[in-house]
file entry_27.tsv (TSV, C-alpha atoms)
chain	number	residue	atom	x	y	z
A	17	MET	CA	0.00	0.00	0.00
A	18	LYS	CA	1.34	3.39	-1.00
A	19	ILE	CA	1.02	6.07	1.66
A	20	ASN	CA	0.94	9.64	0.44
A	21	TYR	CA	3.20	11.35	2.93
A	22	PRO	CA	3.36	15.10	2.68
A	23	ASN	CA	6.24	15.85	0.33
A	24	PRO	CA	8.48	18.63	1.64
A	25	SER	CA	10.27	18.99	-1.70
A	26	ILE	CA	7.00	19.84	-3.43
A	27	GLN	CA	6.36	22.42	-0.72
A	28	THR	CA	9.76	23.96	-1.40
A	29	LYS	CA	9.02	24.11	-5.10
A	30	GLN	CA	5.90	26.14	-4.44
A	31	THR	CA	7.80	28.84	-2.60
A	32	ARG	CA	6.94	32.12	-4.23
A	33	LEU	CA	9.68	34.25	-5.67
A	34	THR	CA	8.31	37.22	-3.73
A	35	ALA	CA	8.76	35.51	-0.38
A	36	VAL	CA	12.38	34.57	-0.88
A	37	GLN	CA	13.74	37.15	-3.24
A	38	SER	CA	16.10	38.57	-0.66
A	39	HIS	CA	18.14	35.36	-0.56
A	40	GLY	CA	21.13	35.05	-2.87
A	41	MET	CA	20.91	32.62	-5.78
A	42	ILE	CA	17.14	32.48	-5.52
A	43	PHE	CA	16.69	33.37	-9.18
A	44	GLU	CA	19.05	30.64	-10.31
A	45	HIS	CA	17.37	28.21	-7.92
A	46	ALA	CA	13.92	29.12	-9.23
A	47	LEU	CA	15.08	28.62	-12.82
A	48	ASN	CA	16.49	25.22	-11.91
A	49	LEU	CA	13.14	24.27	-10.37
A	50	ALA	CA	11.33	25.50	-13.49
A	51	ASN	CA	13.58	23.30	-15.62
A	52	GLU	CA	12.99	20.37	-13.27
A	53	TYR	CA	9.26	20.96	-13.64
A	54	TYR	CA	9.54	21.10	-17.44
A	55	TYR	CA	11.58	17.90	-17.39
A	56	ASN	CA	9.19	16.01	-15.12
A	57	ARG	CA	6.19	17.04	-17.24
A	58	ASN	CA	8.11	16.06	-20.37
A	59	ILE	CA	7.83	19.61	-21.72
A	60	ALA	CA	11.52	20.32	-22.37
A	61	VAL	CA	15.05	19.16	-21.56
A	62	VAL	CA	17.01	22.14	-20.26
A	63	TYR	CA	19.90	22.01	-17.82
A	64	LYS	CA	22.15	24.44	-16.07
A	65	LYS	CA	25.75	23.73	-16.98
A	66	PRO	CA	28.11	23.03	-14.09
A	67	THR	CA	30.38	25.88	-13.04
A	68	PRO	CA	33.80	25.26	-14.60
A	69	ILE	CA	36.54	24.66	-12.04
A	70	GLN	CA	40.25	24.67	-12.74
A	71	ILE	CA	41.61	21.78	-10.73
A	72	VAL	CA	45.18	22.19	-9.49
A	73	LYS	CA	45.65	19.52	-6.82
A	74	VAL	CA	43.87	16.25	-6.11
A	75	ASP	CA	44.42	13.90	-3.17
A	76	TYR	CA	43.41	10.26	-3.04
A	77	PRO	CA	42.66	9.56	0.64
A	78	SER	CA	40.95	6.29	-0.28
A	79	ARG	CA	40.96	4.20	-3.43
A	80	ASN	CA	37.60	5.31	-4.72
A	81	LYS	CA	37.38	8.90	-3.65
A	82	ALA	CA	39.40	11.67	-5.22
A	83	ARG	CA	39.51	14.84	-3.11
A	84	ILE	CA	40.21	18.13	-4.83
A	85	THR	CA	42.42	20.17	-2.47
A	86	GLU	CA	43.15	23.11	-4.73
A	87	GLY	CA	40.88	24.53	-7.38
A	88	TYR	CA	39.69	27.84	-8.76
A	89	TYR	CA	36.52	29.08	-10.40
A	90	LYS	CA	36.92	29.69	-14.11
A	91	THR	CA	35.01	32.12	-16.32
A	92	PRO	CA	32.36	30.07	-18.14
A	93	SER	CA	33.08	29.95	-21.87
A	94	THR	CA	29.42	29.90	-22.79
A	95	THR	CA	26.13	30.55	-21.00
A	96	ASP	CA	24.39	29.06	-17.98
A	97	TYR	CA	21.58	27.10	-19.58
A	98	ASN	CA	20.87	25.19	-22.75
A	99	GLY	CA	18.64	22.40	-24.00
A	100	VAL	CA	15.94	21.31	-26.40
A	101	TYR	CA	12.32	22.51	-26.54
A	102	LYS	CA	9.80	21.65	-29.25
A	103	GLY	CA	12.62	20.46	-31.47
A	104	ARG	CA	14.52	23.74	-31.11
A	105	TYR	CA	17.87	24.36	-29.50
A	106	ILE	CA	17.51	26.96	-26.77
A	107	ASP	CA	20.31	28.73	-24.94
A	108	TYR	CA	20.20	31.56	-22.44
A	109	GLU	CA	22.01	33.50	-19.79
A	110	ALA	CA	20.18	34.51	-16.60
A	111	LYS	CA	21.02	37.64	-14.67
A	112	GLU	CA	19.49	39.58	-11.81
A	113	THR	CA	19.74	43.27	-11.07
A	114	ASN	CA	18.97	45.53	-8.12
A	115	ASN	CA	18.39	48.49	-10.42
A	116	LEU	CA	15.54	49.39	-12.73
A	117	SER	CA	17.82	49.15	-15.74
A	118	PHE	CA	20.26	46.52	-16.93
A	119	SER	CA	23.80	47.58	-17.76
A	120	PHE	CA	25.47	46.02	-20.82
A	121	LYS	CA	28.61	45.34	-18.80
A	122	HIS	CA	26.85	42.56	-16.84
A	123	ILE	CA	27.10	40.22	-19.80
A	124	PHE	CA	30.53	39.05	-20.99
A	125	PRO	CA	31.31	39.78	-24.66
A	126	HIS	CA	32.10	36.09	-25.26
A	127	GLN	CA	28.65	35.18	-23.93
A	128	ILE	CA	27.01	37.64	-26.32
A	129	ASN	CA	29.05	36.18	-29.18
A	130	HIS	CA	28.05	32.69	-28.14
A	131	LEU	CA	24.35	33.58	-28.16
A	132	LEU	CA	24.66	35.35	-31.51
A	133	ARG	CA	26.31	32.23	-32.92
A	134	VAL	CA	23.46	30.13	-31.57
A	135	HIS	CA	21.05	32.51	-33.31
A	136	ASP	CA	23.03	32.24	-36.59
A	137	HIS	CA	22.80	28.46	-36.48
A	138	GLY	CA	19.03	28.43	-36.10
A	139	GLY	CA	18.92	28.10	-32.33
A	140	ILE	CA	17.00	30.34	-29.95
A	141	GLY	CA	19.26	32.57	-27.84
A	142	PHE	CA	18.10	35.06	-25.25
A	143	LEU	CA	18.67	36.67	-21.87
A	144	ILE	CA	16.43	36.30	-18.84
A	145	ILE	CA	16.68	39.27	-16.51
A	146	PHE	CA	15.25	39.41	-13.01
A	147	PHE	CA	14.48	42.90	-11.72
A	148	LYS	CA	14.56	42.23	-7.99
A	149	LYS	CA	13.20	45.58	-6.91
A	150	VAL	CA	9.90	45.12	-8.72
A	151	ASN	CA	9.88	41.29	-8.82
A	152	GLU	CA	9.66	41.19	-12.59
A	153	VAL	CA	11.35	38.89	-15.07
A	154	TYR	CA	11.86	39.58	-18.78
A	155	LEU	CA	13.06	37.60	-21.74
A	156	LEU	CA	15.10	39.52	-24.33
A	157	ASP	CA	16.11	38.00	-27.66
A	158	ILE	CA	19.86	38.14	-28.29
A	159	ALA	CA	19.49	39.87	-31.68
A	160	ILE	CA	17.53	42.70	-30.08
A	161	PHE	CA	19.99	42.91	-27.21
A	162	ASN	CA	22.80	43.13	-29.75
A	163	GLN	CA	21.04	45.92	-31.64
A	164	LEU	CA	20.79	47.94	-28.41
A	165	LEU	CA	24.42	47.15	-27.62
A	166	THR	CA	25.49	48.40	-31.06
A	167	GLU	CA	23.66	51.66	-30.37
A	168	ALA	CA	25.35	51.89	-26.96
A	169	LYS	CA	28.77	51.44	-28.56
A	170	ALA	CA	27.92	54.26	-30.97
A	171	GLY	CA	27.46	56.55	-27.98
A	172	GLY	CA	23.94	55.62	-26.89
A	173	LYS	CA	22.63	54.67	-23.47
A	174	GLN	CA	24.84	52.17	-21.59
A	175	SER	CA	21.98	50.20	-20.13
A	176	ILE	CA	18.55	48.82	-21.02
A	177	SER	CA	15.65	50.23	-19.02
A	178	ARG	CA	12.81	48.21	-17.58
A	179	GLU	CA	10.50	50.07	-19.99
A	180	GLN	CA	12.59	48.85	-22.92
A	181	PHE	CA	12.34	45.29	-21.63
A	182	GLN	CA	8.56	45.76	-21.51
A	183	THR	CA	8.32	46.86	-25.12
A	184	LEU	CA	11.27	45.09	-26.79
A	185	GLY	CA	11.24	41.95	-24.64
A	186	LYS	CA	8.63	39.60	-23.25
A	187	PRO	CA	7.49	39.60	-19.60
A	188	VAL	CA	7.80	36.18	-17.94
A	189	SER	CA	4.93	35.20	-15.67
A	190	LEU	CA	5.84	34.24	-12.13
A	191	GLY	CA	3.74	31.81	-10.14
A	192	TYR	CA	3.79	28.56	-8.24
A	193	THR	CA	4.48	25.68	-10.63
A	194	PRO	CA	6.66	26.56	-12.30
A	195	THR	CA	7.87	29.55	-10.33
A	196	ILE	CA	9.26	31.13	-13.51
A	197	ASP	CA	7.28	30.01	-16.55
A	198	TYR	CA	9.78	31.28	-19.09
A	199	LEU	CA	8.89	28.74	-21.79
A	200	LYS	CA	5.46	30.38	-22.08
A	201	ALA	CA	7.28	33.61	-22.95
A	202	VAL	CA	9.45	31.64	-25.40
A	203	ASP	CA	6.29	30.22	-27.03
A	204	GLU	CA	4.80	33.65	-27.43
A	205	TRP	CA	7.89	35.51	-28.55
A	206	TYR	CA	9.18	32.92	-31.00
A	207	GLN	CA	5.71	31.65	-31.95
A	208	LEU	CA	6.47	27.99	-31.23
B	6	MET	CA	53.31	44.68	-39.98
B	7	LYS	CA	51.93	41.30	-39.06
B	8	ILE	CA	54.52	38.54	-38.82
B	9	ASN	CA	53.29	35.02	-39.34
B	10	TYR	CA	55.10	33.17	-36.62
B	11	PRO	CA	54.77	29.42	-36.69
B	12	ASN	CA	51.74	28.63	-34.56
B	13	PRO	CA	52.38	25.68	-32.25
B	14	SER	CA	48.68	25.34	-31.37
B	15	ILE	CA	47.81	24.70	-35.01
B	16	GLN	CA	50.52	22.06	-35.10
B	17	THR	CA	48.99	20.37	-32.07
B	18	LYS	CA	45.59	20.37	-33.74
B	19	GLN	CA	46.96	18.44	-36.67
B	20	THR	CA	48.26	15.63	-34.48
B	21	ARG	CA	46.84	12.41	-35.82
B	22	LEU	CA	44.74	10.23	-33.57
B	23	THR	CA	46.91	7.23	-34.49
B	24	ALA	CA	50.07	8.86	-33.21
B	25	VAL	CA	48.75	9.75	-29.80
B	26	GLN	CA	46.11	7.19	-29.07
B	27	SER	CA	48.06	5.69	-26.21
B	28	HIS	CA	47.69	8.84	-24.11
B	29	GLY	CA	44.74	9.13	-21.78
B	30	MET	CA	42.00	11.62	-22.60
B	31	ILE	CA	43.17	11.81	-26.20
B	32	PHE	CA	39.71	11.00	-27.54
B	33	GLU	CA	38.09	13.73	-25.46
B	34	HIS	CA	40.84	16.13	-26.47
B	35	ALA	CA	40.40	15.30	-30.17
B	36	LEU	CA	36.64	15.84	-29.88
B	37	ASN	CA	37.23	19.20	-28.23
B	38	LEU	CA	39.54	20.18	-31.09
B	39	ALA	CA	36.95	19.06	-33.63
B	40	ASN	CA	34.36	21.26	-31.90
B	41	GLU	CA	36.82	24.15	-31.85
B	42	TYR	CA	37.36	23.62	-35.58
B	43	TYR	CA	33.59	23.55	-36.21
B	44	TYR	CA	33.20	26.72	-34.16
B	45	ASN	CA	36.01	28.59	-35.91
B	46	ARG	CA	34.66	27.64	-39.34
B	47	ASN	CA	31.17	28.66	-38.22
B	48	ILE	CA	29.87	25.14	-38.87
B	49	ALA	CA	28.35	24.38	-35.46
B	50	VAL	CA	28.31	25.48	-31.83
B	51	VAL	CA	29.04	22.44	-29.67
B	52	TYR	CA	30.72	22.48	-26.28
B	53	LYS	CA	31.86	19.99	-23.71
B	54	LYS	CA	30.09	20.65	-20.43
B	55	PRO	CA	32.36	21.25	-17.45
B	56	THR	CA	32.78	18.34	-15.05
B	57	PRO	CA	30.46	18.96	-12.09
B	58	ILE	CA	32.30	19.47	-8.80
B	59	GLN	CA	30.74	19.39	-5.37
B	60	ILE	CA	32.41	22.22	-3.50
B	61	VAL	CA	32.75	21.73	0.24
B	62	LYS	CA	35.28	24.34	1.38
B	63	VAL	CA	36.45	27.63	-0.10
B	64	ASP	CA	39.21	29.92	1.16
B	65	TYR	CA	39.64	33.57	0.27
B	66	PRO	CA	43.40	34.21	0.44
B	67	SER	CA	42.95	37.51	-1.38
B	68	ARG	CA	39.92	39.67	-2.08
B	69	ASN	CA	39.43	38.64	-5.66
B	70	LYS	CA	40.48	35.04	-5.70
B	71	ALA	CA	38.43	32.26	-4.16
B	72	ARG	CA	40.42	29.05	-3.61
B	73	ILE	CA	38.53	25.78	-3.39
B	74	THR	CA	40.26	23.67	-0.74
B	75	GLU	CA	37.85	20.75	-0.61
B	76	GLY	CA	35.79	19.43	-3.47
B	77	TYR	CA	34.70	16.16	-5.03
B	78	TYR	CA	33.84	15.00	-8.52
B	79	LYS	CA	30.12	14.46	-9.02
B	80	THR	CA	28.40	12.11	-11.44
B	81	PRO	CA	27.29	14.23	-14.42
B	82	SER	CA	23.50	14.40	-14.62
B	83	THR	CA	23.49	14.53	-18.40
B	84	THR	CA	26.02	13.89	-21.17
B	85	ASP	CA	29.39	15.36	-22.10
B	86	TYR	CA	28.53	17.39	-25.18
B	87	ASN	CA	25.65	19.39	-26.59
B	88	GLY	CA	25.01	22.22	-28.99
B	89	VAL	CA	23.34	23.40	-32.16
B	90	TYR	CA	24.06	22.26	-35.72
B	91	LYS	CA	22.06	23.22	-38.82
B	92	GLY	CA	19.23	24.41	-36.59
B	93	ARG	CA	19.08	21.10	-34.72
B	94	TYR	CA	19.83	20.39	-31.09
B	95	ILE	CA	22.54	17.74	-30.85
B	96	ASP	CA	23.61	15.89	-27.72
B	97	TYR	CA	26.03	13.01	-27.29
B	98	GLU	CA	28.13	10.99	-24.94
B	99	ALA	CA	31.65	9.95	-25.97
B	100	LYS	CA	33.30	6.76	-24.75
B	101	GLU	CA	36.40	4.81	-25.60
B	102	THR	CA	37.01	1.11	-25.26
B	103	ASN	CA	40.03	-1.21	-25.35
B	104	ASN	CA	37.88	-4.11	-26.52
B	105	LEU	CA	36.31	-4.92	-29.85
B	106	SER	CA	32.85	-4.66	-28.35
B	107	PHE	CA	31.14	-2.05	-26.22
B	108	SER	CA	29.47	-3.16	-23.00
B	109	PHE	CA	26.12	-1.57	-22.09
B	110	LYS	CA	27.32	-0.98	-18.56
B	111	HIS	CA	29.69	1.78	-19.72
B	112	ILE	CA	26.80	4.19	-20.15
B	113	PHE	CA	24.84	5.32	-17.08
B	114	PRO	CA	21.08	4.64	-17.21
B	115	HIS	CA	20.36	8.33	-16.52
B	116	GLN	CA	22.49	9.29	-19.53
B	117	ILE	CA	20.53	6.90	-21.74
B	118	ASN	CA	17.29	8.38	-20.41
B	119	HIS	CA	18.59	11.87	-21.05
B	120	LEU	CA	19.45	11.04	-24.68
B	121	LEU	CA	16.09	9.33	-25.22
B	122	ARG	CA	14.37	12.45	-23.88
B	123	VAL	CA	16.40	14.57	-26.29
B	124	HIS	CA	15.25	12.26	-29.10
B	125	ASP	CA	11.61	12.56	-27.95
B	126	HIS	CA	11.81	16.34	-28.06
B	127	GLY	CA	13.08	16.43	-31.64
B	128	GLY	CA	16.78	16.69	-30.84
B	129	ILE	CA	19.52	14.42	-32.16
B	130	GLY	CA	20.99	12.13	-29.52
B	131	PHE	CA	23.75	9.61	-30.06
B	132	LEU	CA	26.87	7.93	-28.74
B	133	ILE	CA	30.36	8.27	-30.18
B	134	ILE	CA	32.52	5.26	-29.44
B	135	PHE	CA	36.26	5.07	-30.00
B	136	PHE	CA	37.65	1.56	-30.49
B	137	LYS	CA	41.25	2.17	-29.52
B	138	LYS	CA	42.58	-1.19	-30.65
B	139	VAL	CA	41.62	-0.62	-34.28
B	140	ASN	CA	41.59	3.19	-34.23
B	141	GLU	CA	37.97	3.38	-35.35
B	142	VAL	CA	35.20	5.69	-34.25
B	143	TYR	CA	31.47	5.06	-34.66
B	144	LEU	CA	28.33	7.08	-34.16
B	145	LEU	CA	25.30	5.17	-32.85
B	146	ASP	CA	21.86	6.74	-32.64
B	147	ILE	CA	20.33	6.55	-29.16
B	148	ALA	CA	17.10	4.90	-30.35
B	149	ILE	CA	19.08	2.05	-31.94
B	150	PHE	CA	21.27	1.76	-28.87
B	151	ASN	CA	18.14	1.55	-26.75
B	152	GLN	CA	16.68	-1.17	-28.98
B	153	LEU	CA	19.83	-3.25	-28.49
B	154	LEU	CA	19.74	-2.54	-24.75
B	155	THR	CA	16.15	-3.74	-24.57
B	156	GLU	CA	17.20	-6.98	-26.26
B	157	ALA	CA	20.10	-7.31	-23.81
B	158	LYS	CA	17.73	-6.90	-20.87
B	159	ALA	CA	15.54	-9.65	-22.33
B	160	GLY	CA	18.53	-12.01	-22.12
B	161	GLY	CA	20.45	-11.01	-25.25
B	162	LYS	CA	24.08	-10.09	-25.67
B	163	GLN	CA	25.42	-7.70	-23.01
B	164	SER	CA	27.54	-5.71	-25.41
B	165	ILE	CA	27.54	-4.26	-28.92
B	166	SER	CA	30.16	-5.65	-31.26
B	167	ARG	CA	32.27	-3.61	-33.64
B	168	GLU	CA	30.46	-5.39	-36.50
B	169	GLN	CA	27.13	-4.13	-35.15
B	170	PHE	CA	28.51	-0.60	-35.01
B	171	GLN	CA	29.52	-1.01	-38.66
B	172	THR	CA	26.03	-2.03	-39.78
B	173	LEU	CA	23.74	-0.27	-37.28
B	174	GLY	CA	25.88	2.84	-36.73
B	175	LYS	CA	27.91	5.18	-38.86
B	176	PRO	CA	31.71	5.14	-39.12
B	177	VAL	CA	33.30	8.52	-38.33
B	178	SER	CA	36.22	9.50	-40.55
B	179	LEU	CA	39.46	10.38	-38.80
B	180	GLY	CA	41.91	12.80	-40.32
B	181	TYR	CA	43.80	16.02	-39.74
B	182	THR	CA	41.36	18.91	-39.59
B	183	PRO	CA	39.21	18.05	-37.90
B	184	THR	CA	40.78	15.00	-36.30
B	185	ILE	CA	37.35	13.46	-35.75
B	186	ASP	CA	34.88	14.67	-38.37
B	187	TYR	CA	31.80	13.40	-36.58
B	188	LEU	CA	29.41	16.01	-38.05
B	189	LYS	CA	29.94	14.43	-41.47
B	190	ALA	CA	28.61	11.19	-39.98
B	191	VAL	CA	25.73	13.17	-38.42
B	192	ASP	CA	24.92	14.67	-41.85
B	193	GLU	CA	24.84	11.27	-43.48
B	194	TRP	CA	23.00	9.37	-40.77
B	195	TYR	CA	20.34	12.00	-40.05
B	196	GLN	CA	20.25	13.35	-43.63
B	197	LEU	CA	20.85	16.97	-42.63

call {"tool": "encode", "arguments": {"input": "entry_27.tsv", "output": "structure tokens"}}
result
Amino acid sequence: MKINYPNPSIQTKQTRLTAVQSHGMIFEHALNLANEYYYNRNIAVVYKKPTPIQIVKVDYPSRNKARITEGYYKTPSTTDYNGVYKGRYIDYEAKETNNLSFSFKHIFPHQINHLLRVHDHGGIGFLIIFFKKVNEVYLLDIAIFNQLLTEAKAGGKQSISREQFQTLGKPVSLGYTPTIDYLKAVDEWYQL
Amino acid sequence: MKINYPNPSIQTKQTRLTAVQSHGMIFEHALNLANEYYYNRNIAVVYKKPTPIQIVKVDYPSRNKARITEGYYKTPSTTDYNGVYKGRYIDYEAKETNNLSFSFKHIFPHQINHLLRVHDHGGIGFLIIFFKKVNEVYLLDIAIFNQLLTEAKAGGKQSISREQFQTLGKPVSLGYTPTIDYLKAVDEWYQL
């Protein structure tokens, strides 16, 4: 007989972004839960890539367990997340900001190039930005981001305002399951 | 004036698989070089995911540099490589073997499930196997691998022979640039 115990992990997954937004990494955590949700419902296969670590020294205290005793964080060569959704390759970088605008300098040039390459090869590349102050999340296509960046380099504004995200990007609805339903925004923006 | 110094990194990239096959990690290294080649020629965007590390202790000897002083290798939750090619999501696991057959136990069940999910969502999922003894590389589609695995579970053979790779998979040509031209095999097998 199967007993339906209360499942604390499900409870955790229903934590609202509003309630926990002050904690660090909450945005990343919420995105991971969204991807877990999409995976479990067989909606998409999207994973966060592991953080690259440069390993310098490894000890072998026992036969089966290698212990890293010296290592350093490396700059990721690509973006945080990628996967497959409705037959399309999707790839994105997630960032959060305390301000009401998003400065171009928060994204590495090599990450922009990576996303533009993805776009060139028929994949879907975008940014997901979390505005903590107002608890809003926006999706912004990489080609549009790059257009704004080109204008910035020509002497224009050095950041993208929340208003620009509202008109040039797509708002992402926040809720319970999933906490960040960004694939709905992907559906709408890219007409999948 | 630009002086064309001899470029040692290009030399390295032309190293033949035959000449260096005795070294560990050579297959992975050759695949990374192939992906670098594909990237530089704007053919595809495929990366090896970083090895996941469980970080236990971090020191901060200086303000800007975090030093990991205790960490452990984790089992990857997905596969080694993924990316976008001709608008398609591709995902694969690379393995090498000293034998003339490939045992099913060399691939984790969760990696098989991951690749089958990729397949279900319209992506291209496969294995790349390097037979060191004969210096041959084969691509095997995940659905075919899974069919053979199902037969093995029903009491069939517990490994896939080189002959089966020849008939059910696609040989990958080995050469100079790229060392492992696996996307040619992808083109032919999946008719891209």

call {"tool": "interface_residues", "arguments": {"input": "entry_27.tsv", "of": "chain B", "to": "chain A", "cutoff": "7 Å", "atoms": "only C-alpha atoms", "output": "PyMOL selection string"}}
result
chain B and resi 49-50+54-57+71-77+89-94+123+126-128

call {"tool": "atom_distance", "arguments": {"input": "entry_27.tsv", "atom1": "atom CA of Lys162 of chain B", "atom2": "atom CA of His111 of chain B"}}
result
14.4 Å

call {"tool": "residues_around", "arguments": {"input": "entry_27.tsv", "residues": "segment 143-157 of chain A", "least_positions_apart": "2", "cutoff": "10 Å", "atoms": "all atoms listed in the file", "output": "PDB file with C-alpha atoms, keeping the file's coordinate frame"}}
result
ATOM      1  CA  LEU A  33       9.680  34.250  -5.670  1.00  0.00           C
ATOM      2  CA  THR A  34       8.310  37.220  -3.730  1.00  0.00           C
ATOM      3  CA  GLN A  37      13.740  37.150  -3.240  1.00  0.00           C
ATOM      4  CA  SER A  38      16.100  38.570  -0.660  1.00  0.00           C
ATOM      5  CA  PHE A  43      16.690  33.370  -9.180  1.00  0.00           C
ATOM      6  CA  GLU A  44      19.050  30.640 -10.310  1.00  0.00           C
ATOM      7  CA  LEU A  47      15.080  28.620 -12.820  1.00  0.00           C
ATOM      8  CA  THR A  95      26.130  30.550 -21.000  1.00  0.00           C
ATOM      9  CA  ASP A 107      20.310  28.730 -24.940  1.00  0.00           C
ATOM     10  CA  TYR A 108      20.200  31.560 -22.440  1.00  0.00           C
ATOM     11  CA  GLU A 109      22.010  33.500 -19.790  1.00  0.00           C
ATOM     12  CA  ALA A 110      20.180  34.510 -16.600  1.00  0.00           C
ATOM     13  CA  LYS A 111      21.020  37.640 -14.670  1.00  0.00           C
ATOM     14  CA  GLU A 112      19.490  39.580 -11.810  1.00  0.00           C
ATOM     15  CA  THR A 113      19.740  43.270 -11.070  1.00  0.00           C
ATOM     16  CA  ASN A 114      18.970  45.530  -8.120  1.00  0.00           C
ATOM     17  CA  ASN A 115      18.390  48.490 -10.420  1.00  0.00           C
ATOM     18  CA  LEU A 116      15.540  49.390 -12.730  1.00  0.00           C
ATOM     19  CA  SER A 117      17.820  49.150 -15.740  1.00  0.00           C
ATOM     20  CA  PHE A 118      20.260  46.520 -16.930  1.00  0.00           C
ATOM     21  CA  ILE A 123      27.100  40.220 -19.800  1.00  0.00           C
ATOM     22  CA  ILE A 128      27.010  37.640 -26.320  1.00  0.00           C
ATOM     23  CA  LEU A 131      24.350  33.580 -28.160  1.00  0.00           C
ATOM     24  CA  LEU A 132      24.660  35.350 -31.510  1.00  0.00           C
ATOM     25  CA  HIS A 135      21.050  32.510 -33.310  1.00  0.00           C
ATOM     26  CA  ILE A 140      17.000  30.340 -29.950  1.00  0.00           C
ATOM     27  CA  GLY A 141      19.260  32.570 -27.840  1.00  0.00           C
ATOM     28  CA  ALA A 159      19.490  39.870 -31.680  1.00  0.00           C
ATOM     29  CA  ILE A 160      17.530  42.700 -30.080  1.00  0.00           C
ATOM     30  CA  PHE A 161      19.990  42.910 -27.210  1.00  0.00           C
ATOM     31  CA  ASN A 162      22.800  43.130 -29.750  1.00  0.00           C
ATOM     32  CA  ARG A 178      12.810  48.210 -17.580  1.00  0.00           C
ATOM     33  CA  GLN A 180      12.590  48.850 -22.920  1.00  0.00           C
ATOM     34  CA  PHE A 181      12.340  45.290 -21.630  1.00  0.00           C
ATOM     35  CA  GLN A 182       8.560  45.760 -21.510  1.00  0.00           C
ATOM     36  CA  LEU A 184      11.270  45.090 -26.790  1.00  0.00           C
ATOM     37  CA  GLY A 185      11.240  41.950 -24.640  1.00  0.00           C
ATOM     38  CA  LYS A 186       8.630  39.600 -23.250  1.00  0.00           C
ATOM     39  CA  PRO A 187       7.490  39.600 -19.600  1.00  0.00           C
ATOM     40  CA  VAL A 188       7.800  36.180 -17.940  1.00  0.00           C
ATOM     41  CA  SER A 189       4.930  35.200 -15.670  1.00  0.00           C
ATOM     42  CA  LEU A 190       5.840  34.240 -12.130  1.00  0.00           C
ATOM     43  CA  ILE A 196       9.260  31.130 -13.510  1.00  0.00           C
ATOM     44  CA  ASP A 197       7.280  30.010 -16.550  1.00  0.00           C
ATOM     45  CA  TYR A 198       9.780  31.280 -19.090  1.00  0.00           C
ATOM     46  CA  LEU A 199       8.890  28.740 -21.790  1.00  0.00           C
ATOM     47  CA  ALA A 201       7.280  33.610 -22.950  1.00  0.00           C
ATOM     48  CA  VAL A 202       9.450  31.640 -25.400  1.00  0.00           C
ATOM     49  CA  TRP A 205       7.890  35.510 -28.550  1.00  0.00           C
ATOM     50  CA  TYR A 206       9.180  32.920 -31.000  1.00  0.00           C
TER      51      TYR A 206
END

call {"tool": "residues_around", "arguments": {"input": "entry_27.tsv", "residues": "Lys169 of chain A", "least_positions_apart": "6", "cutoff": "12 Å", "atoms": "all atoms listed in the file", "output": "PyMOL selection string"}}
result
chain A and resi 120-121+162-163+175

call {"tool": "atom_distance", "arguments": {"input": "entry_27.tsv", "atom1": "atom CA of Phe142 of chain A", "atom2": "atom CA of Gln127 of chain A"}}
result
10.6 Å

call {"tool": "atom_distance", "arguments": {"input": "entry_27.tsv", "atom1": "atom CA of Tyr54 of chain A", "atom2": "atom CA of Thr195 of chain A"}}
result
11.2 Å
